[in-house]
Structures are given as structure tokens and as C-alpha cells.
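Beneath this line is the structure, given in C-alpha cells, with notes to follow.
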Amino acid sequence: MVGIVNWLDRHLKWVFVTPALLFIALMVAFPIFYTARLSLFEWSMSAVQPPKWVGLDNYTALLASKAFWHALWITFYHSSISIVLETVLGVAIAVLFSKKMFGARAAKTMMMLPMVATPVSVGLVWLLIYEPSIGMANQVLKRLGFETQEWLGSVTQVMPSLIIVDVWQWTPMIALIAVAGLATIPSDPYESASVDGANAWQKFTRITLPLLLPTLITAITLRVIDLVKTFDTIYATTQGGPNFASQTLNLMIFDTAFSGFKFGYASALLIVFFLMLITLVLVLNGLRRKAGSLQ
């Protein structure tokens, strides 16, 4: 008994950590391992026909598929444009709210409303706004004297329309994180810059932006992870249409698995998608550490 107590005392940190490690292994590592294994098989979820070993054929077919490269481009287009707009607008709003102004606290609270709404409800609301006949978007265009648009029904307009939805919902997140980052910047550099005759733009580009960069990259990383995985809003509004013009990798994986019943091929898509996302996060974390070391 004494020996057990002594062993527990020497390895106490592992005793407390082990339950968490087991949970991660069961809830994260096992699904990844199972998906990687399934990607080497051809299976239609049939109880009669067992999975058929095909090796790397699913990955070969994936890389040769025009649909995969199209979905990858749509994912990149949607994510990159959205994150650029959200970052620029979020920083601008944060700088505005960092000034002492009437109603700033109430405005910050109001900004959070789009974020707390569920993605499906946001998609359904914007589906009504973009409705070609009675939607608010076309009603506003009519009153301003412009031609009505097809919005989600147009191959060329569907992605810009979906980007507007994402920017509307998630710019407040970037803004709130940037506001918190701005609050940590000391006032001494600004006072020194004022003595040297620097204007507002010079203060922003040479003091505010460099000091805010690590916080901003953290916010961008969080948004990129969520953006690349976007599913609910797009599925609720377009389901990847029209003519696959808004089919991201996430939607392609869903359709391949649950409409085409190609679970081996869908698993290969998931593994490639997972590796791309991990690589992207590692690059952004490297940039964040580099930006932090330069301060």
C-alpha cells in the first residue's frame, strides 16, 4: 500500500492528466485513425458487401478529379476574400470603438447579435433577403433605380452573395478581439510619436498595426479554421448550387458520403482536407510567433 502511495506521489501529474489524454484519444485520435483506414477501402455502407481494399486508389482518383479542384478553388475563394474583408473592417471598427465616443458600449453589445445566431437561421434569413421577387435586397435596388439581381440563383453572383453573409456575421468577432488587443497597447509610443510630429495614419501603420499583429493573427487563425469548414450557412441557402458554383470541400465531402454513398472516397477527401487545414494552422502559428518576436 505504501509503495502504491509513493508511486502515485511521484507520478501525480500523470495521474491527473491521464483521463484527459484518454478522452482525446477516444474522441479525436480514433476518428482520425478510422477515417484514414476507411480511405483505403471502397465501401457504400452496405451490410451485404464488405469494404473492398483499394489502397491509394481513392487518393489518385481525388487528385485527378476536376470536381475536387473546383471545390478546393471555391473553398479558397470564399475563405480568402471573407477573411480579408472581415479583417480590414474589423480593425477599422475596433479603432473607431477604441476612441471615447457616446454609445460605444451599446454598439459593442449590438455587434455580438449576428454571432450568437445559429448558422442555419442566418442562412434562412439571408435566403429571404436574397429572394429575387420579394427579397429586401432587390427591393432596395429597385428604389435606388438599379436592376434587380439573381443573387443566390446566379453562378457568378452566388459566391459574392455568400461572402457578404459571412462578413456580416463574423466581422464583429474580429472587431471585438482587435478591441481587446488595442486595450493592451501602452500609450507611451503614441505620446513619443506625437512629440515627433507623426500624424494619425503614421501612428496606425507604425505603432498600432505592428503591436496589434500577434493578436490579429490569432483572430485570423480562429476565423480561417471556421471559414474553411463552413457548411451550415451554405447548405441552408444554396446546397452547393447553382451548378456546383458554391460547392466547397465540406459540401463535396457531405454529398459524396451521404448522397453518393462513396464512403471510402469521402474519407480520402476528409484526410486531405484535414492535412490542408493542419498545414494552414501551422503556417499561421509560425507567423504569429514571428510577429511576436519582432516586438
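Just so we're on the same page: first chain in the C-alpha cells is A, next is B, and so on; residues restart at 1 for each chain, and ligands are numbered from 1 in the order they show up.
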Residues within 12 Å of region 270-281 of chain A, please, as a PyMOL selection string. Count only C-alpha atoms; anything in the same chain fewer than 6 positions from it doesn't count. chain A and resi 31-40+58-60+62-63+68-69+71-72+75-76+217-229+248-254+256-257+263-264+287-288
For region 176-185 of chain A, find every residue with an atom within 8 Å (counting only C-alpha atoms), except residues of its own chain fewer than 2 positions away, and show them as a PDB file with N, CA, C and O atoms, in the first residue's frame.
ATOM      1  N   GLY A  90     -12.976  44.728 -39.489  1.00  0.00           N
ATOM      2  CA  GLY A  90     -12.900  44.517 -38.044  1.00  0.00           C
ATOM      3  C   GLY A  90     -11.901  45.447 -37.373  1.00  0.00           C
ATOM      4  O   GLY A  90     -12.185  46.006 -36.310  1.00  0.00           O
ATOM      5  N   VAL A  91     -10.728  45.622 -37.989  1.00  0.00           N
ATOM      6  CA  VAL A  91      -9.729  46.532 -37.433  1.00  0.00           C
ATOM      7  C   VAL A  91     -10.231  47.975 -37.478  1.00  0.00           C
ATOM      8  O   VAL A  91     -10.046  48.745 -36.521  1.00  0.00           O
ATOM      9  N   ALA A  94     -12.688  48.367 -34.727  1.00  0.00           N
ATOM     10  CA  ALA A  94     -12.003  48.337 -33.433  1.00  0.00           C
ATOM     11  C   ALA A  94     -11.323  49.667 -33.135  1.00  0.00           C
ATOM     12  O   ALA A  94     -11.390  50.168 -32.005  1.00  0.00           O
ATOM     13  N   VAL A  95     -10.671  50.239 -34.132  1.00  0.00           N
ATOM     14  CA  VAL A  95     -10.017  51.544 -33.946  1.00  0.00           C
ATOM     15  C   VAL A  95     -11.051  52.616 -33.628  1.00  0.00           C
ATOM     16  O   VAL A  95     -10.841  53.483 -32.772  1.00  0.00           O
ATOM     17  N   PHE A  97     -14.021  52.128 -32.187  1.00  0.00           N
ATOM     18  CA  PHE A  97     -14.571  51.899 -30.855  1.00  0.00           C
ATOM     19  C   PHE A  97     -13.555  52.123 -29.746  1.00  0.00           C
ATOM     20  O   PHE A  97     -13.927  52.228 -28.575  1.00  0.00           O
ATOM     21  N   SER A  98     -12.256  52.150 -30.093  1.00  0.00           N
ATOM     22  CA  SER A  98     -11.240  52.405 -29.071  1.00  0.00           C
ATOM     23  C   SER A  98     -11.225  53.871 -28.647  1.00  0.00           C
ATOM     24  O   SER A  98     -10.659  54.210 -27.610  1.00  0.00           O
ATOM     25  N   LYS A 108     -20.998  47.850 -29.040  1.00  0.00           N
ATOM     26  CA  LYS A 108     -20.260  46.597 -28.919  1.00  0.00           C
ATOM     27  C   LYS A 108     -21.206  45.438 -28.613  1.00  0.00           C
ATOM     28  O   LYS A 108     -21.054  44.332 -29.142  1.00  0.00           O
ATOM     29  N   PRO A 172     -17.822  41.205 -36.593  1.00  0.00           N
ATOM     30  CA  PRO A 172     -17.800  41.603 -35.173  1.00  0.00           C
ATOM     31  C   PRO A 172     -16.821  40.800 -34.325  1.00  0.00           C
ATOM     32  O   PRO A 172     -16.247  41.338 -33.372  1.00  0.00           O
ATOM     33  N   MET A 173     -16.599  39.528 -34.668  1.00  0.00           N
ATOM     34  CA  MET A 173     -15.653  38.723 -33.892  1.00  0.00           C
ATOM     35  C   MET A 173     -14.238  39.285 -34.014  1.00  0.00           C
ATOM     36  O   MET A 173     -13.529  39.453 -33.012  1.00  0.00           O
ATOM     37  N   ILE A 174     -13.825  39.587 -35.245  1.00  0.00           N
ATOM     38  CA  ILE A 174     -12.506  40.181 -35.454  1.00  0.00           C
ATOM     39  C   ILE A 174     -12.418  41.519 -34.742  1.00  0.00           C
ATOM     40  O   ILE A 174     -11.402  41.854 -34.106  1.00  0.00           O
ATOM     41  N   SER A 187       0.368  53.613 -23.949  1.00  0.00           N
ATOM     42  CA  SER A 187       0.202  54.939 -24.552  1.00  0.00           C
ATOM     43  C   SER A 187       1.533  55.635 -24.823  1.00  0.00           C
ATOM     44  O   SER A 187       1.575  56.624 -25.572  1.00  0.00           O
ATOM     45  N   THR A 208       0.308  51.096 -34.034  1.00  0.00           N
ATOM     46  CA  THR A 208      -0.877  50.280 -33.746  1.00  0.00           C
ATOM     47  C   THR A 208      -0.828  48.934 -34.449  1.00  0.00           C
ATOM     48  O   THR A 208      -0.982  47.881 -33.808  1.00  0.00           O
ATOM     49  N   LEU A 211       2.003  46.389 -33.263  1.00  0.00           N
ATOM     50  CA  LEU A 211       1.756  45.883 -31.913  1.00  0.00           C
ATOM     51  C   LEU A 211       0.491  45.022 -31.851  1.00  0.00           C
ATOM     52  O   LEU A 211       0.371  44.143 -30.993  1.00  0.00           O
ATOM     53  N   LEU A 212      -0.439  45.282 -32.751  1.00  0.00           N
ATOM     54  CA  LEU A 212      -1.698  44.528 -32.779  1.00  0.00           C
ATOM     55  C   LEU A 212      -1.577  43.230 -33.569  1.00  0.00           C
ATOM     56  O   LEU A 212      -2.433  42.350 -33.451  1.00  0.00           O
ATOM     57  N   THR A 215      -2.092  39.597 -31.975  1.00  0.00           N
ATOM     58  CA  THR A 215      -3.499  39.394 -31.621  1.00  0.00           C
ATOM     59  C   THR A 215      -4.343  39.202 -32.871  1.00  0.00           C
ATOM     60  O   THR A 215      -5.244  38.349 -32.918  1.00  0.00           O
ATOM     61  N   LEU A 216      -4.030  39.975 -33.896  1.00  0.00           N
ATOM     62  CA  LEU A 216      -4.794  39.902 -35.147  1.00  0.00           C
ATOM     63  C   LEU A 216      -4.601  38.548 -35.838  1.00  0.00           C
ATOM     64  O   LEU A 216      -5.561  37.974 -36.367  1.00  0.00           O
ATOM     65  N   ALA A 219      -6.737  35.999 -34.150  1.00  0.00           N
ATOM     66  CA  ALA A 219      -8.132  36.117 -34.585  1.00  0.00           C
ATOM     67  C   ALA A 219      -8.315  35.552 -35.984  1.00  0.00           C
ATOM     68  O   ALA A 219      -9.303  34.859 -36.275  1.00  0.00           O
TER      69      ALA A 219
END
Mind the document's chain letters and residue numbers, and return as a PyMOL selection string the residues of region 9-231 of chain A that DSSP labels alpha helix (DSSP H). chain A and resi 9-10+12-24+30-38+57-63+66-97+104-111+113-116+119-129+136-143+158-183+188-195+200-203+209-228
Give me, please, the distance in Å between CA of Thr237 (chain A) and CA of Ser161 (chain A), quoted to one decimal.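 Taking CA of Thr237 (chain A) as the start and CA of Ser161 (chain A) as the end point, the length is 10.4 Å.
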List every residue of region 156-182 of chain A that has an atom at most 6 Å from any atom of region 81-86 of chain A, and for each one report the closest atom pair and its distance in Å to one decimal, counting only C-alpha atoms, with rows sorted by chain and then by increasing residue number, as a Markdown table.
| residue | atom | partner | partner_atom | distance |
| --- | --- | --- | --- | --- |
| A:Ile163 | CA | A:Ser82 | CA | 5.7 |
| A:Val167 | CA | A:Glu86 | CA | 5.6 |
| A:Thr171 | CA | A:Glu86 | CA | 4.6 |
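When the distance limit is 12 Å and only C-alpha atoms are what count, the residues near Ala137 (chain A), minus those fewer than 5 positions from it on the same chain, are Val125, Trp126, Leu127, Leu128, Ile129, Tyr130, Glu131, Pro132, Lys142, Arg143, Leu144, Phe146, Glu147, Thr148, Gln149, Glu150, Trp151, Leu152, Ser161 and Ile164 of chain A.
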